[in-house]
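This is input-v9.cif (mmCIF, C-alpha atoms).
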```cif
data_run
#
loop_
_atom_site.group_PDB
_atom_site.id
_atom_site.type_symbol
_atom_site.label_atom_id
_atom_site.label_comp_id
_atom_site.auth_asym_id
_atom_site.auth_seq_id
_atom_site.Cartn_x
_atom_site.Cartn_y
_atom_site.Cartn_z
ATOM 1 C CA MET A 1 52.973 63.698 122.792
ATOM 2 C CA ASN A 2 54.761 61.504 125.331
ATOM 3 C CA LEU A 3 54.505 63.066 128.766
ATOM 4 C CA PRO A 4 56.202 61.729 131.875
ATOM 5 C CA GLU A 5 53.799 60.044 134.255
ATOM 6 C CA THR A 6 54.628 62.313 137.169
ATOM 7 C CA PRO A 7 55.119 66.073 137.246
ATOM 8 C CA GLU A 8 58.410 65.596 139.106
ATOM 9 C CA LYS A 9 60.009 64.754 135.755
ATOM 10 C CA TRP A 10 59.820 68.429 134.730
ATOM 11 C CA ASP A 11 62.101 71.096 136.120
ATOM 12 C CA THR A 12 59.831 73.853 134.845
ATOM 13 C CA ILE A 13 56.277 73.989 133.541
ATOM 14 C CA ILE A 14 55.376 77.064 131.497
ATOM 15 C CA ILE A 15 51.726 77.910 130.969
ATOM 16 C CA GLY A 16 51.190 79.612 127.631
ATOM 17 C CA SER A 17 53.069 79.360 124.359
ATOM 18 C CA GLY A 18 53.139 83.038 123.497
ATOM 19 C CA ALA A 19 56.371 84.805 122.643
ATOM 20 C CA GLY A 20 57.288 85.180 126.325
ATOM 21 C CA GLY A 21 56.513 81.573 127.214
ATOM 22 C CA LEU A 22 58.426 80.194 124.239
ATOM 23 C CA ALA A 23 61.411 82.490 124.833
ATOM 24 C CA ALA A 24 61.528 81.441 128.495
ATOM 25 C CA ALA A 25 61.258 77.776 127.495
ATOM 26 C CA ILE A 26 64.156 78.082 125.051
ATOM 27 C CA CYS A 27 66.350 79.803 127.644
ATOM 28 C CA LEU A 28 65.573 77.241 130.335
ATOM 29 C CA ALA A 29 66.022 74.264 127.990
ATOM 30 C CA ARG A 30 69.387 75.605 126.839
ATOM 31 C CA ALA A 31 70.350 75.896 130.501
ATOM 32 C CA GLY A 32 69.700 72.161 130.847
ATOM 33 C CA GLN A 33 66.230 72.157 132.383
ATOM 34 C CA LYS A 34 63.464 69.807 131.321
ATOM 35 C CA VAL A 35 60.688 72.165 130.262
ATOM 36 C CA LEU A 36 57.023 71.506 129.554
ATOM 37 C CA VAL A 37 55.038 74.213 127.733
ATOM 38 C CA LEU A 38 51.257 73.974 128.096
ATOM 39 C CA GLU A 39 48.904 75.762 125.694
ATOM 40 C CA GLN A 40 45.100 75.744 125.698
ATOM 41 C CA HIS A 41 44.798 76.940 122.092
ATOM 42 C CA ASP A 42 45.270 74.661 119.087
ATOM 43 C CA VAL A 43 48.334 76.587 117.842
ATOM 44 C CA PRO A 44 51.312 78.075 119.672
ATOM 45 C CA GLY A 45 52.163 81.746 119.505
ATOM 46 C CA GLY A 46 49.773 83.492 121.845
ATOM 47 C CA TRP A 47 48.980 86.945 120.504
ATOM 48 C CA CYS A 48 51.346 86.398 117.554
ATOM 49 C CA HIS A 49 48.679 84.916 115.309
ATOM 50 C CA SER A 50 45.302 85.942 113.911
ATOM 51 C CA PHE A 51 41.986 84.636 115.154
ATOM 52 C CA TYR A 52 38.292 84.969 114.354
ATOM 53 C CA LEU A 53 35.654 86.039 116.833
ATOM 54 C CA ASN A 54 32.005 86.571 115.935
ATOM 55 C CA GLY A 55 32.864 86.597 112.236
ATOM 56 C CA HIS A 56 35.601 89.225 112.574
ATOM 57 C CA ARG A 57 39.313 88.624 112.047
ATOM 58 C CA PHE A 58 41.694 90.012 114.677
ATOM 59 C CA THR A 59 45.467 90.317 114.329
ATOM 60 C CA PRO A 60 46.594 91.436 117.781
ATOM 61 C CA GLY A 61 50.241 90.448 117.473
ATOM 62 C CA VAL A 62 53.379 92.499 117.447
ATOM 63 C CA HIS A 63 53.356 95.130 114.723
ATOM 64 C CA TYR A 64 56.560 96.953 115.611
ATOM 65 C CA VAL A 65 59.771 95.627 117.123
ATOM 66 C CA GLY A 66 62.154 98.064 118.753
ATOM 67 C CA LEU A 67 65.337 98.016 120.815
ATOM 68 C CA LEU A 68 67.230 96.187 118.071
ATOM 69 C CA ALA A 69 70.511 98.133 118.189
ATOM 70 C CA GLU A 70 73.622 96.544 119.697
ATOM 71 C CA GLY A 71 73.297 96.350 123.477
ATOM 72 C CA GLU A 72 69.538 96.956 123.512
ATOM 73 C CA ALA A 73 67.110 94.523 125.131
ATOM 74 C CA THR A 74 65.453 92.945 122.088
ATOM 75 C CA ASN A 75 68.779 92.494 120.329
ATOM 76 C CA ASP A 76 70.228 90.900 123.470
ATOM 77 C CA LEU A 77 67.217 88.571 123.738
ATOM 78 C CA TYR A 78 67.472 87.419 120.110
ATOM 79 C CA ARG A 79 71.228 86.884 120.455
ATOM 80 C CA GLY A 80 70.714 84.946 123.684
ATOM 81 C CA LEU A 81 68.117 82.751 121.994
ATOM 82 C CA GLY A 82 70.527 82.149 119.128
ATOM 83 C CA ILE A 83 68.135 83.479 116.490
ATOM 84 C CA ALA A 84 69.501 86.977 115.801
ATOM 85 C CA ASN A 85 71.218 85.942 112.574
ATOM 86 C CA ASP A 86 68.028 84.302 111.283
ATOM 87 C CA LEU A 87 65.947 87.487 111.494
ATOM 88 C CA VAL A 88 65.756 90.404 109.079
ATOM 89 C CA PHE A 89 64.263 93.737 110.096
ATOM 90 C CA PHE A 90 63.672 96.887 108.088
ATOM 91 C CA ARG A 91 63.637 100.352 109.610
ATOM 92 C CA MET A 92 60.236 101.961 109.280
ATOM 93 C CA ASN A 93 59.699 105.424 107.848
ATOM 94 C CA PRO A 94 61.017 107.646 110.666
ATOM 95 C CA ASP A 95 58.850 110.557 109.509
ATOM 96 C CA ALA A 96 55.581 108.611 109.532
ATOM 97 C CA TYR A 97 55.733 105.071 110.907
ATOM 98 C CA GLU A 98 52.017 105.161 111.750
ATOM 99 C CA HIS A 99 49.034 107.069 110.406
ATOM 100 C CA VAL A 100 45.728 107.816 112.123
ATOM 101 C CA ARG A 101 42.629 109.783 111.224
ATOM 102 C CA ILE A 102 41.658 112.711 113.419
ATOM 103 C CA GLY A 103 38.319 113.834 112.069
ATOM 104 C CA ASP A 104 38.788 114.082 108.315
ATOM 105 C CA GLU A 105 42.534 114.671 108.526
ATOM 106 C CA ARG A 106 45.412 112.228 108.415
ATOM 107 C CA PHE A 107 47.959 112.535 111.218
ATOM 108 C CA ASP A 108 51.412 110.988 110.780
ATOM 109 C CA PHE A 109 53.303 109.724 113.828
ATOM 110 C CA PRO A 110 57.047 110.334 113.582
ATOM 111 C CA ALA A 111 59.534 108.050 115.326
ATOM 112 C CA ASN A 112 61.302 110.956 117.050
ATOM 113 C CA LEU A 113 59.671 111.952 120.350
ATOM 114 C CA ASP A 114 60.501 115.659 120.058
ATOM 115 C CA GLU A 115 58.990 115.738 116.566
ATOM 116 C CA LEU A 116 55.871 113.960 117.836
ATOM 117 C CA ILE A 117 55.500 116.516 120.624
ATOM 118 C CA SER A 118 55.905 119.315 118.073
ATOM 119 C CA ARG A 119 53.305 117.895 115.670
ATOM 120 C CA LEU A 120 50.758 117.144 118.377
ATOM 121 C CA SER A 121 51.285 120.601 119.879
ATOM 122 C CA LYS A 122 50.626 122.214 116.485
ATOM 123 C CA LYS A 123 47.509 120.098 116.033
ATOM 124 C CA PHE A 124 46.263 120.775 119.583
ATOM 125 C CA PRO A 125 47.882 124.063 120.713
ATOM 126 C CA GLU A 126 45.657 124.356 123.797
ATOM 127 C CA GLU A 127 47.028 120.997 125.013
ATOM 128 C CA LYS A 128 50.727 121.753 124.428
ATOM 129 C CA LYS A 129 51.790 121.605 128.097
ATOM 130 C CA ARG A 130 49.819 118.420 128.770
ATOM 131 C CA ILE A 131 51.156 116.740 125.623
ATOM 132 C CA HIS A 132 54.728 117.595 126.601
ATOM 133 C CA ARG A 133 54.238 116.444 130.196
ATOM 134 C CA TYR A 134 52.481 113.194 129.207
ATOM 135 C CA LEU A 135 54.942 112.136 126.508
ATOM 136 C CA ASN A 136 57.950 112.952 128.669
ATOM 137 C CA LEU A 137 56.425 110.854 131.458
ATOM 138 C CA THR A 138 55.922 107.930 129.062
ATOM 139 C CA LYS A 139 59.553 108.328 127.968
ATOM 140 C CA LYS A 140 60.706 108.199 131.593
ATOM 141 C CA VAL A 141 58.588 105.108 132.305
ATOM 142 C CA ALA A 142 59.921 103.403 129.157
ATOM 143 C CA GLU A 143 63.528 104.132 130.160
ATOM 144 C CA GLU A 144 62.936 102.596 133.589
ATOM 145 C CA LEU A 145 61.248 99.537 132.072
ATOM 146 C CA TYR A 146 64.105 99.064 129.581
ATOM 147 C CA SER A 147 66.531 99.008 132.494
ATOM 148 C CA LEU A 148 64.493 96.460 134.475
ATOM 149 C CA PRO A 149 66.368 93.355 133.226
ATOM 150 C CA TYR A 150 69.637 94.938 134.361
ATOM 151 C CA ILE A 151 68.478 96.009 137.843
ATOM 152 C CA LYS A 152 70.012 93.741 140.454
ATOM 153 C CA GLY A 153 68.618 94.502 143.880
ATOM 154 C CA PHE A 154 65.231 93.978 145.487
ATOM 155 C CA TRP A 155 64.922 97.620 146.565
ATOM 156 C CA GLN A 156 65.698 98.922 143.095
ATOM 157 C CA LYS A 157 62.872 96.820 141.656
ATOM 158 C CA LEU A 158 60.522 97.706 144.489
ATOM 159 C CA THR A 159 61.051 101.453 144.060
ATOM 160 C CA LEU A 160 60.708 101.460 140.248
ATOM 161 C CA PRO A 161 57.196 103.011 140.233
ATOM 162 C CA TYR A 162 58.383 105.887 142.409
ATOM 163 C CA ARG A 163 61.352 106.706 140.175
ATOM 164 C CA THR A 164 59.047 107.359 137.205
ATOM 165 C CA ARG A 165 57.085 110.174 138.835
#
```
Translate this structure into structure tokens?
Amino acid sequence: MNLPETPEKWDTIIIGSGAGGLAAAICLARAGQKVLVLEQHDVPGGWCHSFYLNGHRFTPGVHYVGLLAEGEATNDLYRGLGIANDLVFFRMNPDAYEHVRIGDERFDFPANLDELISRLSKKFPEEKKRIHRYLNLTKKVAEELYSLPYIKGFWQKLTLPYRTR
């Protein structure tokens, strides 16, 4: 790789070639900046690749991608990067997109929050109020986080944690 002799030749230096670092690099380069991406690993991609540790294989990358509808954050990002038309996604089973074992029983996670609350409440009736409160709080936090890229002012960003209580 041919690197400039002085760091002043770069407008931006990004440390890490994970999905976030590469997306930022693409955006900045398309805006005309000279971008250097540094990566300590031998392949780019960050958590988006498998690795071995102590003889065990780990695949920590993204397993589900959401917010793909028109006007949603991931869709906007892919369109902004110019890659939206190169990607194909398939909707997962809305009734059971994930399965876990609870004791000897299989528990299916539905995509719909109200259905998840209902199923968990049936499985753990003594925890119904806590399940409802917890999952509604996570929904509220998620909604605030989804809006973060669109929040303009300093005070709105600063008060974000307090609006999720």
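Residues matched by the PyMOL selection byres ((chain A and resi 112) around 12) in this structure: Met92, Asn93, Pro94, Asp95, Ala96, Tyr97, Asp108, Phe109, Pro110, Ala111, Leu113, Asp114, Glu115, Leu116, Ile117, Ser118, Arg119, Leu135 and Lys139 of chain A.
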Atom CA of Gly16 of chain A and atom CA of Leu38 of chain A are how many Å apart?
-> 5.7 Å
For the structure provided, state which residues fall under the PyMOL selection byres ((chain A and resi 59) around 9), and present them as a PyMOL selection string.
-> chain A and resi 47-52+57-58+60-62
For the structure shown, which residues end up in the PyMOL selection byres ((chain A and resi 25-37) around 10)? Put them as a PyMOL selection string, please?
-> chain A and resi 3+7+9-24+38-39+44+77+80-82
Residues from last step as file, C-alpha atoms, as a JSON list (two decimals), keeping the file's coordinate frame:
```json
[["chain", "number", "residue", "atom", "x", "y", "z"],
["A", 3, "LEU", "CA", 54.50, 63.07, 128.77],
["A", 7, "PRO", "CA", 55.12, 66.07, 137.25],
["A", 9, "LYS", "CA", 60.01, 64.75, 135.76],
["A", 10, "TRP", "CA", 59.82, 68.43, 134.73],
["A", 11, "ASP", "CA", 62.10, 71.10, 136.12],
["A", 12, "THR", "CA", 59.83, 73.85, 134.84],
["A", 13, "ILE", "CA", 56.28, 73.99, 133.54],
["A", 14, "ILE", "CA", 55.38, 77.06, 131.50],
["A", 15, "ILE", "CA", 51.73, 77.91, 130.97],
["A", 16, "GLY", "CA", 51.19, 79.61, 127.63],
["A", 17, "SER", "CA", 53.07, 79.36, 124.36],
["A", 18, "GLY", "CA", 53.14, 83.04, 123.50],
["A", 19, "ALA", "CA", 56.37, 84.80, 122.64],
["A", 20, "GLY", "CA", 57.29, 85.18, 126.32],
["A", 21, "GLY", "CA", 56.51, 81.57, 127.21],
["A", 22, "LEU", "CA", 58.43, 80.19, 124.24],
["A", 23, "ALA", "CA", 61.41, 82.49, 124.83],
["A", 24, "ALA", "CA", 61.53, 81.44, 128.50],
["A", 38, "LEU", "CA", 51.26, 73.97, 128.10],
["A", 39, "GLU", "CA", 48.90, 75.76, 125.69],
["A", 44, "PRO", "CA", 51.31, 78.08, 119.67],
["A", 77, "LEU", "CA", 67.22, 88.57, 123.74],
["A", 80, "GLY", "CA", 70.71, 84.95, 123.68],
["A", 81, "LEU", "CA", 68.12, 82.75, 121.99],
["A", 82, "GLY", "CA", 70.53, 82.15, 119.13]]
```
Could you pull the residues within 10 Å of Leu67 of chain A, counting all atoms listed in the file, minus those fewer than 5 positions along the same chain, as a PyMOL selection string?
-> chain A and resi 72-76+146
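Reported to one decimal place, the separation of atom CA of Glu105 of chain A from atom CA of Lys123 of chain A is 10.5 Å.
With distances taken over all atoms listed in the file, A:Gly71 is the one residue among A:Gly71, A:Gly55, A:Tyr64, A:His41 lying closest to Tyr150 of chain A.
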Do you have the atom CA of Ile83 of chain A-atom CA of Gly45 of chain A distance handy?
->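 Result for atom CA of Ile83 of chain A versus atom CA of Gly45 of chain A: 16.3 Å, one decimal.
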List every protein, DNA or RNA residue that has an atom no more than 10 Å from (49.3, 115.4, 122.2) in the file's coordinate frame, counting all atoms listed in the file, and report them as a list in words.
-> Leu116, Ile117, Ser118, Arg119, Leu120, Ser121, Lys122, Lys123, Phe124, Pro125, Glu126, Glu127, Lys128, Lys129, Arg130, Ile131, His132, Arg133, Tyr134 and Leu135 of chain A
Save the residues we just selected, C-alpha atoms, as a PDB file, keeping the file's coordinate frame?
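Done, and the output landed in out_34.pdb:
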```
ATOM      1  CA  LEU A 116      55.871 113.960 117.836  1.00  0.00           C
ATOM      2  CA  ILE A 117      55.500 116.516 120.624  1.00  0.00           C
ATOM      3  CA  SER A 118      55.905 119.315 118.073  1.00  0.00           C
ATOM      4  CA  ARG A 119      53.305 117.895 115.670  1.00  0.00           C
ATOM      5  CA  LEU A 120      50.758 117.144 118.377  1.00  0.00           C
ATOM      6  CA  SER A 121      51.285 120.601 119.879  1.00  0.00           C
ATOM      7  CA  LYS A 122      50.626 122.214 116.485  1.00  0.00           C
ATOM      8  CA  LYS A 123      47.509 120.098 116.033  1.00  0.00           C
ATOM      9  CA  PHE A 124      46.263 120.775 119.583  1.00  0.00           C
ATOM     10  CA  PRO A 125      47.882 124.063 120.713  1.00  0.00           C
ATOM     11  CA  GLU A 126      45.657 124.356 123.797  1.00  0.00           C
ATOM     12  CA  GLU A 127      47.028 120.997 125.013  1.00  0.00           C
ATOM     13  CA  LYS A 128      50.727 121.753 124.428  1.00  0.00           C
ATOM     14  CA  LYS A 129      51.790 121.605 128.097  1.00  0.00           C
ATOM     15  CA  ARG A 130      49.819 118.420 128.770  1.00  0.00           C
ATOM     16  CA  ILE A 131      51.156 116.740 125.623  1.00  0.00           C
ATOM     17  CA  HIS A 132      54.728 117.595 126.601  1.00  0.00           C
ATOM     18  CA  ARG A 133      54.238 116.444 130.196  1.00  0.00           C
ATOM     19  CA  TYR A 134      52.481 113.194 129.207  1.00  0.00           C
ATOM     20  CA  LEU A 135      54.942 112.136 126.508  1.00  0.00           C
TER      21      LEU A 135
END
```
